[in-house]
>>> print(open('structure-v3.cif').read())   # mmCIF, N, CA and C atoms
data_upload
loop_
_atom_site.label_atom_id
_atom_site.label_comp_id
_atom_site.auth_asym_id
_atom_site.auth_seq_id
_atom_site.Cartn_x
_atom_site.Cartn_y
_atom_site.Cartn_z
N MET G 1 10.86 14.15 -8.78
CA MET G 1 9.89 13.08 -8.70
C MET G 1 9.03 13.27 -7.45
N ALA G 2 7.74 13.35 -7.62
CA ALA G 2 6.82 13.52 -6.50
C ALA G 2 6.57 12.18 -5.83
N ARG G 3 6.20 12.24 -4.55
CA ARG G 3 5.90 11.02 -3.81
C ARG G 3 4.51 11.13 -3.20
N PHE G 4 3.88 10.00 -3.11
CA PHE G 4 2.59 9.89 -2.44
C PHE G 4 2.67 8.65 -1.57
N GLU G 5 2.43 8.82 -0.29
CA GLU G 5 2.56 7.71 0.65
C GLU G 5 1.32 7.64 1.53
N PHE G 6 0.88 6.42 1.82
CA PHE G 6 -0.25 6.26 2.72
C PHE G 6 -0.15 4.92 3.44
N ILE G 7 -0.92 4.79 4.51
CA ILE G 7 -0.91 3.61 5.36
C ILE G 7 -2.31 2.98 5.35
N VAL G 8 -2.36 1.66 5.29
CA VAL G 8 -3.61 0.94 5.43
C VAL G 8 -3.42 -0.08 6.55
N ASP G 9 -4.24 0.00 7.59
CA ASP G 9 -4.13 -0.94 8.70
C ASP G 9 -4.83 -2.26 8.38
N GLY G 10 -4.35 -3.31 9.01
CA GLY G 10 -4.97 -4.63 8.86
C GLY G 10 -4.33 -5.43 7.76
N PRO G 11 -4.59 -6.71 7.76
CA PRO G 11 -3.98 -7.57 6.74
C PRO G 11 -4.56 -7.31 5.36
N PRO G 12 -3.73 -7.33 4.33
CA PRO G 12 -4.23 -7.14 2.97
C PRO G 12 -5.01 -8.37 2.51
N VAL G 13 -5.75 -8.20 1.44
CA VAL G 13 -6.50 -9.30 0.85
C VAL G 13 -5.85 -9.65 -0.48
N SER G 14 -5.63 -10.91 -0.69
CA SER G 14 -4.98 -11.40 -1.90
C SER G 14 -5.89 -11.27 -3.11
N GLN G 15 -5.29 -11.03 -4.26
CA GLN G 15 -6.01 -11.01 -5.53
C GLN G 15 -6.70 -12.35 -5.76
N GLN G 16 -6.16 -13.41 -5.18
CA GLN G 16 -6.69 -14.76 -5.36
C GLN G 16 -7.74 -15.13 -4.32
N ALA G 17 -8.22 -14.17 -3.56
CA ALA G 17 -9.20 -14.45 -2.51
C ALA G 17 -10.44 -15.11 -3.11
N ARG G 18 -10.90 -16.16 -2.46
CA ARG G 18 -12.10 -16.86 -2.95
C ARG G 18 -13.36 -16.03 -2.71
N ARG G 19 -13.34 -15.30 -1.60
CA ARG G 19 -14.49 -14.45 -1.28
C ARG G 19 -14.31 -13.10 -1.96
N ARG G 20 -14.93 -12.95 -3.12
CA ARG G 20 -14.76 -11.76 -3.93
C ARG G 20 -15.27 -10.50 -3.23
N ALA G 21 -16.28 -10.65 -2.38
CA ALA G 21 -16.79 -9.49 -1.63
C ALA G 21 -15.73 -8.96 -0.69
N LEU G 22 -14.93 -9.84 -0.12
CA LEU G 22 -13.84 -9.44 0.77
C LEU G 22 -12.78 -8.66 -0.01
N LEU G 23 -12.47 -9.12 -1.21
CA LEU G 23 -11.51 -8.43 -2.07
C LEU G 23 -12.03 -7.05 -2.46
N LYS G 24 -13.29 -6.98 -2.81
CA LYS G 24 -13.90 -5.70 -3.19
C LYS G 24 -13.86 -4.72 -2.01
N ALA G 25 -14.18 -5.21 -0.82
CA ALA G 25 -14.15 -4.36 0.38
C ALA G 25 -12.74 -3.87 0.67
N TRP G 26 -11.74 -4.73 0.45
CA TRP G 26 -10.34 -4.35 0.66
C TRP G 26 -9.94 -3.21 -0.28
N LYS G 27 -10.33 -3.32 -1.54
CA LYS G 27 -10.01 -2.26 -2.50
C LYS G 27 -10.65 -0.93 -2.09
N VAL G 28 -11.87 -0.99 -1.58
CA VAL G 28 -12.54 0.22 -1.12
C VAL G 28 -11.78 0.81 0.06
N THR G 29 -11.34 -0.03 0.98
CA THR G 29 -10.57 0.43 2.14
C THR G 29 -9.27 1.09 1.71
N VAL G 30 -8.55 0.46 0.80
CA VAL G 30 -7.29 1.03 0.29
C VAL G 30 -7.56 2.39 -0.34
N ARG G 31 -8.57 2.49 -1.15
CA ARG G 31 -8.90 3.75 -1.82
C ARG G 31 -9.24 4.83 -0.80
N GLN G 32 -10.05 4.50 0.20
CA GLN G 32 -10.44 5.47 1.21
C GLN G 32 -9.23 5.97 1.99
N GLU G 33 -8.33 5.07 2.35
CA GLU G 33 -7.13 5.48 3.08
C GLU G 33 -6.23 6.34 2.21
N ALA G 34 -6.07 5.97 0.94
CA ALA G 34 -5.25 6.77 0.02
C ALA G 34 -5.83 8.18 -0.12
N GLU G 35 -7.13 8.28 -0.22
CA GLU G 35 -7.77 9.59 -0.37
C GLU G 35 -7.53 10.49 0.84
N LYS G 36 -7.39 9.90 2.02
CA LYS G 36 -7.12 10.69 3.23
C LYS G 36 -5.78 11.40 3.14
N TYR G 37 -4.82 10.80 2.45
CA TYR G 37 -3.47 11.36 2.35
C TYR G 37 -3.25 12.15 1.06
N TRP G 38 -4.21 12.11 0.16
CA TRP G 38 -4.08 12.78 -1.12
C TRP G 38 -4.31 14.27 -0.94
N SER G 39 -3.38 15.07 -1.37
CA SER G 39 -3.48 16.52 -1.26
C SER G 39 -4.27 17.06 -2.45
N SER G 40 -5.06 18.08 -2.20
CA SER G 40 -5.84 18.68 -3.29
C SER G 40 -4.93 19.34 -4.34
N GLU G 41 -3.67 19.64 -3.95
CA GLU G 41 -2.72 20.21 -4.91
C GLU G 41 -2.09 19.15 -5.81
N GLN G 42 -2.16 17.90 -5.40
CA GLN G 42 -1.54 16.83 -6.19
C GLN G 42 -2.38 16.57 -7.43
N LYS G 43 -1.68 16.26 -8.50
CA LYS G 43 -2.35 15.90 -9.73
C LYS G 43 -2.17 14.40 -9.99
N THR G 44 -3.15 13.83 -10.62
CA THR G 44 -3.06 12.43 -11.00
C THR G 44 -1.92 12.26 -11.99
N ALA G 45 -1.05 11.29 -11.75
CA ALA G 45 0.10 11.07 -12.64
C ALA G 45 -0.36 10.65 -14.02
N THR G 46 0.28 11.23 -15.02
CA THR G 46 -0.01 10.84 -16.39
C THR G 46 1.19 10.12 -17.02
N GLY G 47 2.32 10.17 -16.32
CA GLY G 47 3.53 9.50 -16.81
C GLY G 47 3.75 8.18 -16.10
N LEU G 48 4.96 7.70 -16.21
CA LEU G 48 5.32 6.42 -15.61
C LEU G 48 5.51 6.56 -14.10
N VAL G 49 5.13 5.52 -13.36
CA VAL G 49 5.24 5.54 -11.90
C VAL G 49 5.87 4.25 -11.38
N MET G 50 6.39 4.38 -10.17
CA MET G 50 6.94 3.24 -9.44
C MET G 50 6.12 3.07 -8.18
N LEU G 51 5.74 1.86 -7.88
CA LEU G 51 4.95 1.56 -6.69
C LEU G 51 5.81 0.77 -5.72
N GLN G 52 5.86 1.24 -4.46
CA GLN G 52 6.58 0.52 -3.40
C GLN G 52 5.57 0.18 -2.31
N ILE G 53 5.55 -1.09 -1.93
CA ILE G 53 4.65 -1.54 -0.88
C ILE G 53 5.48 -2.28 0.16
N THR G 54 5.30 -1.93 1.41
CA THR G 54 5.91 -2.70 2.49
C THR G 54 4.79 -3.23 3.35
N TYR G 55 4.76 -4.53 3.49
CA TYR G 55 3.73 -5.22 4.26
C TYR G 55 4.34 -5.65 5.58
N PHE G 56 3.90 -5.02 6.67
CA PHE G 56 4.36 -5.36 8.00
C PHE G 56 3.31 -6.27 8.63
N TYR G 57 3.74 -7.43 9.13
CA TYR G 57 2.79 -8.39 9.69
C TYR G 57 3.35 -8.97 10.99
N ASP G 58 2.45 -9.52 11.80
CA ASP G 58 2.91 -10.26 12.96
C ASP G 58 2.27 -11.64 13.04
N SER G 59 1.11 -11.82 12.41
CA SER G 59 0.49 -13.13 12.46
C SER G 59 -0.05 -13.61 11.11
N VAL G 60 -0.56 -12.71 10.31
CA VAL G 60 -1.12 -13.08 9.02
C VAL G 60 -0.07 -12.83 7.95
N LYS G 61 0.50 -13.91 7.44
CA LYS G 61 1.54 -13.78 6.44
C LYS G 61 0.97 -14.15 5.07
N ILE G 62 1.05 -13.23 4.12
CA ILE G 62 0.51 -13.44 2.78
C ILE G 62 1.66 -13.30 1.79
N ASP G 63 1.60 -14.07 0.71
CA ASP G 63 2.61 -13.94 -0.34
C ASP G 63 2.52 -12.53 -0.93
N VAL G 64 3.68 -11.88 -1.02
CA VAL G 64 3.68 -10.49 -1.47
C VAL G 64 3.20 -10.32 -2.91
N ASP G 65 3.41 -11.30 -3.74
CA ASP G 65 3.00 -11.14 -5.13
C ASP G 65 1.48 -11.12 -5.28
N ASN G 66 0.75 -11.61 -4.29
CA ASN G 66 -0.71 -11.64 -4.38
C ASN G 66 -1.39 -10.38 -3.84
N ILE G 67 -0.64 -9.47 -3.23
CA ILE G 67 -1.27 -8.28 -2.66
C ILE G 67 -1.13 -7.04 -3.53
N VAL G 68 -0.33 -7.12 -4.56
CA VAL G 68 -0.04 -5.93 -5.38
C VAL G 68 -1.24 -5.48 -6.22
N LYS G 69 -1.83 -6.37 -6.96
CA LYS G 69 -2.88 -6.00 -7.94
C LYS G 69 -4.07 -5.29 -7.30
N PRO G 70 -4.60 -5.77 -6.16
CA PRO G 70 -5.72 -5.03 -5.57
C PRO G 70 -5.35 -3.61 -5.16
N ILE G 71 -4.12 -3.42 -4.69
CA ILE G 71 -3.68 -2.09 -4.30
C ILE G 71 -3.55 -1.20 -5.54
N GLN G 72 -2.93 -1.75 -6.59
CA GLN G 72 -2.80 -0.98 -7.84
C GLN G 72 -4.17 -0.56 -8.36
N ASP G 73 -5.10 -1.50 -8.39
CA ASP G 73 -6.44 -1.21 -8.91
C ASP G 73 -7.16 -0.15 -8.08
N ALA G 74 -6.96 -0.20 -6.76
CA ALA G 74 -7.68 0.69 -5.86
C ALA G 74 -7.34 2.16 -6.05
N ILE G 75 -6.13 2.45 -6.51
CA ILE G 75 -5.73 3.86 -6.63
C ILE G 75 -5.74 4.39 -8.06
N ILE G 76 -6.33 3.60 -8.98
CA ILE G 76 -6.52 4.09 -10.35
C ILE G 76 -7.46 5.29 -10.31
N GLY G 77 -7.11 6.33 -11.05
CA GLY G 77 -7.93 7.53 -11.09
C GLY G 77 -7.62 8.52 -9.98
N LEU G 78 -6.85 8.08 -8.99
CA LEU G 78 -6.42 8.97 -7.92
C LEU G 78 -4.94 9.28 -8.10
N ALA G 79 -4.12 8.24 -7.99
CA ALA G 79 -2.67 8.42 -8.09
C ALA G 79 -2.19 8.42 -9.54
N TYR G 80 -2.83 7.64 -10.37
CA TYR G 80 -2.49 7.57 -11.78
C TYR G 80 -3.74 7.27 -12.59
N VAL G 81 -3.65 7.51 -13.88
CA VAL G 81 -4.80 7.32 -14.77
C VAL G 81 -5.13 5.85 -14.94
N ASP G 82 -4.10 5.03 -15.14
CA ASP G 82 -4.29 3.60 -15.36
C ASP G 82 -3.10 2.85 -14.80
N ASP G 83 -3.32 1.63 -14.34
CA ASP G 83 -2.21 0.89 -13.74
C ASP G 83 -1.19 0.41 -14.76
N ASP G 84 -1.44 0.60 -16.05
CA ASP G 84 -0.40 0.27 -17.04
C ASP G 84 0.73 1.29 -17.00
N GLN G 85 0.57 2.39 -16.26
CA GLN G 85 1.64 3.37 -16.07
C GLN G 85 2.69 2.88 -15.08
N VAL G 86 2.35 1.86 -14.30
CA VAL G 86 3.27 1.34 -13.29
C VAL G 86 4.34 0.51 -14.01
N THR G 87 5.57 1.01 -13.97
CA THR G 87 6.67 0.33 -14.66
C THR G 87 7.50 -0.53 -13.72
N ASP G 88 7.49 -0.17 -12.43
CA ASP G 88 8.28 -0.89 -11.45
C ASP G 88 7.46 -1.06 -10.18
N VAL G 89 7.56 -2.24 -9.58
CA VAL G 89 6.90 -2.51 -8.31
C VAL G 89 7.92 -3.14 -7.38
N LEU G 90 8.09 -2.53 -6.21
CA LEU G 90 8.98 -3.07 -5.18
C LEU G 90 8.09 -3.42 -3.99
N VAL G 91 8.04 -4.70 -3.66
CA VAL G 91 7.21 -5.16 -2.56
C VAL G 91 8.09 -5.83 -1.52
N ARG G 92 7.90 -5.39 -0.28
CA ARG G 92 8.67 -5.97 0.83
C ARG G 92 7.69 -6.52 1.85
N LYS G 93 8.14 -7.54 2.58
CA LYS G 93 7.36 -8.13 3.66
C LYS G 93 8.26 -8.17 4.88
N ARG G 94 7.80 -7.61 6.02
CA ARG G 94 8.60 -7.57 7.24
C ARG G 94 7.79 -8.09 8.41
N ASN G 95 8.36 -9.02 9.16
CA ASN G 95 7.72 -9.61 10.33
C ASN G 95 7.96 -8.71 11.53
N LEU G 96 6.88 -8.21 12.12
CA LEU G 96 6.99 -7.32 13.27
C LEU G 96 7.51 -8.03 14.51
N SER G 97 7.49 -9.36 14.50
CA SER G 97 7.97 -10.13 15.66
C SER G 97 9.47 -10.34 15.65
N THR G 98 10.13 -9.91 14.59
CA THR G 98 11.58 -10.06 14.50
C THR G 98 12.23 -8.68 14.57
N ASN G 99 13.52 -8.68 14.69
CA ASN G 99 14.26 -7.41 14.69
C ASN G 99 14.52 -6.97 13.25
N PHE G 100 14.23 -5.73 12.97
CA PHE G 100 14.57 -5.14 11.68
C PHE G 100 14.74 -3.65 11.89
N LYS G 101 15.38 -3.02 10.97
CA LYS G 101 15.67 -1.60 11.07
C LYS G 101 14.99 -0.86 9.92
N VAL G 102 14.31 0.20 10.26
CA VAL G 102 13.70 1.04 9.23
C VAL G 102 14.56 2.29 9.11
N GLU G 103 15.19 2.44 7.98
CA GLU G 103 16.03 3.61 7.74
C GLU G 103 15.21 4.69 7.03
N ASN G 104 15.49 5.93 7.36
CA ASN G 104 14.81 7.06 6.74
C ASN G 104 13.29 6.95 6.88
N MET G 105 12.82 6.65 8.09
CA MET G 105 11.39 6.51 8.32
C MET G 105 10.68 7.84 8.08
N THR G 106 9.65 7.79 7.30
CA THR G 106 8.86 8.98 7.03
C THR G 106 7.88 9.22 8.18
N SER G 107 7.35 10.41 8.26
CA SER G 107 6.38 10.71 9.32
C SER G 107 5.11 9.90 9.13
N ILE G 108 4.75 9.60 7.92
CA ILE G 108 3.54 8.81 7.66
C ILE G 108 3.73 7.38 8.12
N LEU G 109 4.88 6.78 7.85
CA LEU G 109 5.13 5.42 8.31
C LEU G 109 5.21 5.38 9.84
N ALA G 110 5.83 6.39 10.43
CA ALA G 110 5.89 6.46 11.90
C ALA G 110 4.48 6.56 12.48
N GLU G 111 3.61 7.30 11.82
CA GLU G 111 2.21 7.39 12.24
C GLU G 111 1.55 6.02 12.21
N GLY G 112 1.83 5.25 11.18
CA GLY G 112 1.27 3.90 11.06
C GLY G 112 1.69 3.00 12.21
N PHE G 113 2.95 3.08 12.58
CA PHE G 113 3.44 2.27 13.70
C PHE G 113 2.85 2.73 15.03
N ALA G 114 2.56 4.01 15.14
CA ALA G 114 2.07 4.57 16.40
C ALA G 114 0.56 4.41 16.60
N ARG G 115 -0.16 4.03 15.58
CA ARG G 115 -1.63 3.96 15.67
C ARG G 115 -2.12 3.01 16.75
N GLY G 116 -1.49 1.84 16.86
CA GLY G 116 -1.89 0.88 17.88
C GLY G 116 -3.28 0.32 17.67
N SER G 117 -3.59 -0.09 16.44
CA SER G 117 -4.89 -0.66 16.16
C SER G 117 -4.96 -2.09 16.72
N GLN G 118 -6.12 -2.72 16.63
CA GLN G 118 -6.28 -4.09 17.10
C GLN G 118 -5.31 -5.02 16.39
N GLU G 119 -5.12 -4.80 15.12
CA GLU G 119 -4.17 -5.60 14.35
C GLU G 119 -3.06 -4.66 13.92
N PRO G 120 -2.00 -4.54 14.70
CA PRO G 120 -0.96 -3.55 14.40
C PRO G 120 -0.10 -3.97 13.22
N GLN G 121 -0.68 -3.91 12.03
CA GLN G 121 0.02 -4.35 10.84
C GLN G 121 -0.02 -3.26 9.78
N PRO G 122 0.67 -2.15 10.01
CA PRO G 122 0.62 -1.10 8.99
C PRO G 122 1.34 -1.53 7.72
N LYS G 123 0.80 -1.14 6.61
CA LYS G 123 1.47 -1.35 5.34
C LYS G 123 1.90 0.01 4.85
N GLY G 124 3.18 0.21 4.72
CA GLY G 124 3.65 1.48 4.20
C GLY G 124 3.59 1.41 2.69
N MET G 125 2.84 2.27 2.09
CA MET G 125 2.70 2.24 0.64
C MET G 125 3.12 3.58 0.09
N ARG G 126 4.07 3.55 -0.76
CA ARG G 126 4.56 4.80 -1.34
C ARG G 126 4.46 4.68 -2.86
N LEU G 127 3.84 5.65 -3.46
CA LEU G 127 3.78 5.72 -4.91
C LEU G 127 4.72 6.82 -5.35
N GLU G 128 5.67 6.50 -6.18
CA GLU G 128 6.59 7.50 -6.68
C GLU G 128 6.38 7.66 -8.18
N GLY G 129 6.47 8.86 -8.64
CA GLY G 129 6.35 9.06 -10.07
C GLY G 129 6.05 10.51 -10.38
N GLU G 130 5.55 10.73 -11.55
CA GLU G 130 5.23 12.08 -12.02
C GLU G 130 3.83 12.41 -11.55
N ILE G 131 3.73 12.84 -10.29
CA ILE G 131 2.42 13.09 -9.71
C ILE G 131 2.23 14.58 -9.53
#
>>> encode(input="structure-v3.cif", output="structure tokens")
Amino acid sequence: MARFEFIVDGPPVSQQARRRALLKAWKVTVRQEAEKYWSSEQKTATGLVMLQITYFYDSVKIDVDNIVKPIQDAIIGLAYVDDDQVTDVLVRKRNLSTNFKVENMTSILAEGFARGSQEPQPKGMRLEGEI
């Protein structure tokens, strides 16, 4: 099973956002960040995939069920042909202000924590499947 992982800094935008332009801009940001990590050797998945999203926050807390759809939509045509290929979604939310342990941290997730952006809220996103 191939893996594709990428980081997007800043708070996610909910599918239910009233400002549709903000939602559209978020999807563009997610796509651009995913493309940075996409290898030219990787092929778009044609089979079933599992999507894992970890949302790390310190001040902006959003319901995890509202952040999935924009992320899924943003990587259509890159990671998979259509989001109906996604059979499983695992979404986690972790408060950076509390103690927690990250086991088996990948180099990409470590990079996200080390970036030190204005809003240090990396979201570790891993797409697993037939890629």
>>> select_by_dssp(input="structure-v3.cif", residues="chain G", states="strand (DSSP E)", output="PyMOL selection string")
chain G and resi 2-8+49-57+86-95+123-129
>>> resolve_selection(input="structure-v3.cif", expression="the PyMOL selection byres ((chain G and resi 108) around 8)", output="list in words")
Glu5, Phe6, Ile7, Met105, Thr106, Ser107, Leu109, Ala110, Glu111, Gly112, Phe113, Ala114, Gly124 and Met125 of chain G
>>> closest_residue(input="structure-v3.cif", among="G:Lys36, G:Ile71, G:Asn95, G:Lys43", to="G:Phe56", atoms="only N, CA and C atoms")
G:Asn95
>>> resolve_selection(input="structure-v3.cif", expression="the PyMOL selection byres ((chain G and resi 85) around 6)", output="ChimeraX atom specification")
/G:47-49,82-84,86-87
>>> closest_residue(input="structure-v3.cif", among="G:Arg18, G:Asp9, G:Glu103, G:Thr44", to="G:Val30", atoms="only N, CA and C atoms")
G:Asp9
>>> atom_distance(input="structure-v3.cif", atom1="atom CA of G:Ala79", atom2="atom CA of G:Tyr55")
19.5 Å
>>> select_by_dssp(input="structure-v3.cif", residues="chain G", states="alpha helix (DSSP H)", output="PyMOL selection string")
chain G and resi 20-37+68-74+107-114
>>> atom_distance(input="structure-v3.cif", atom1="atom N of G:Tyr57", atom2="atom C of G:Phe100")
12.0 Å
>>> atom_distance(input="structure-v3.cif", atom1="atom CA of G:Val60", atom2="atom C of G:Leu22")
15.4 Å
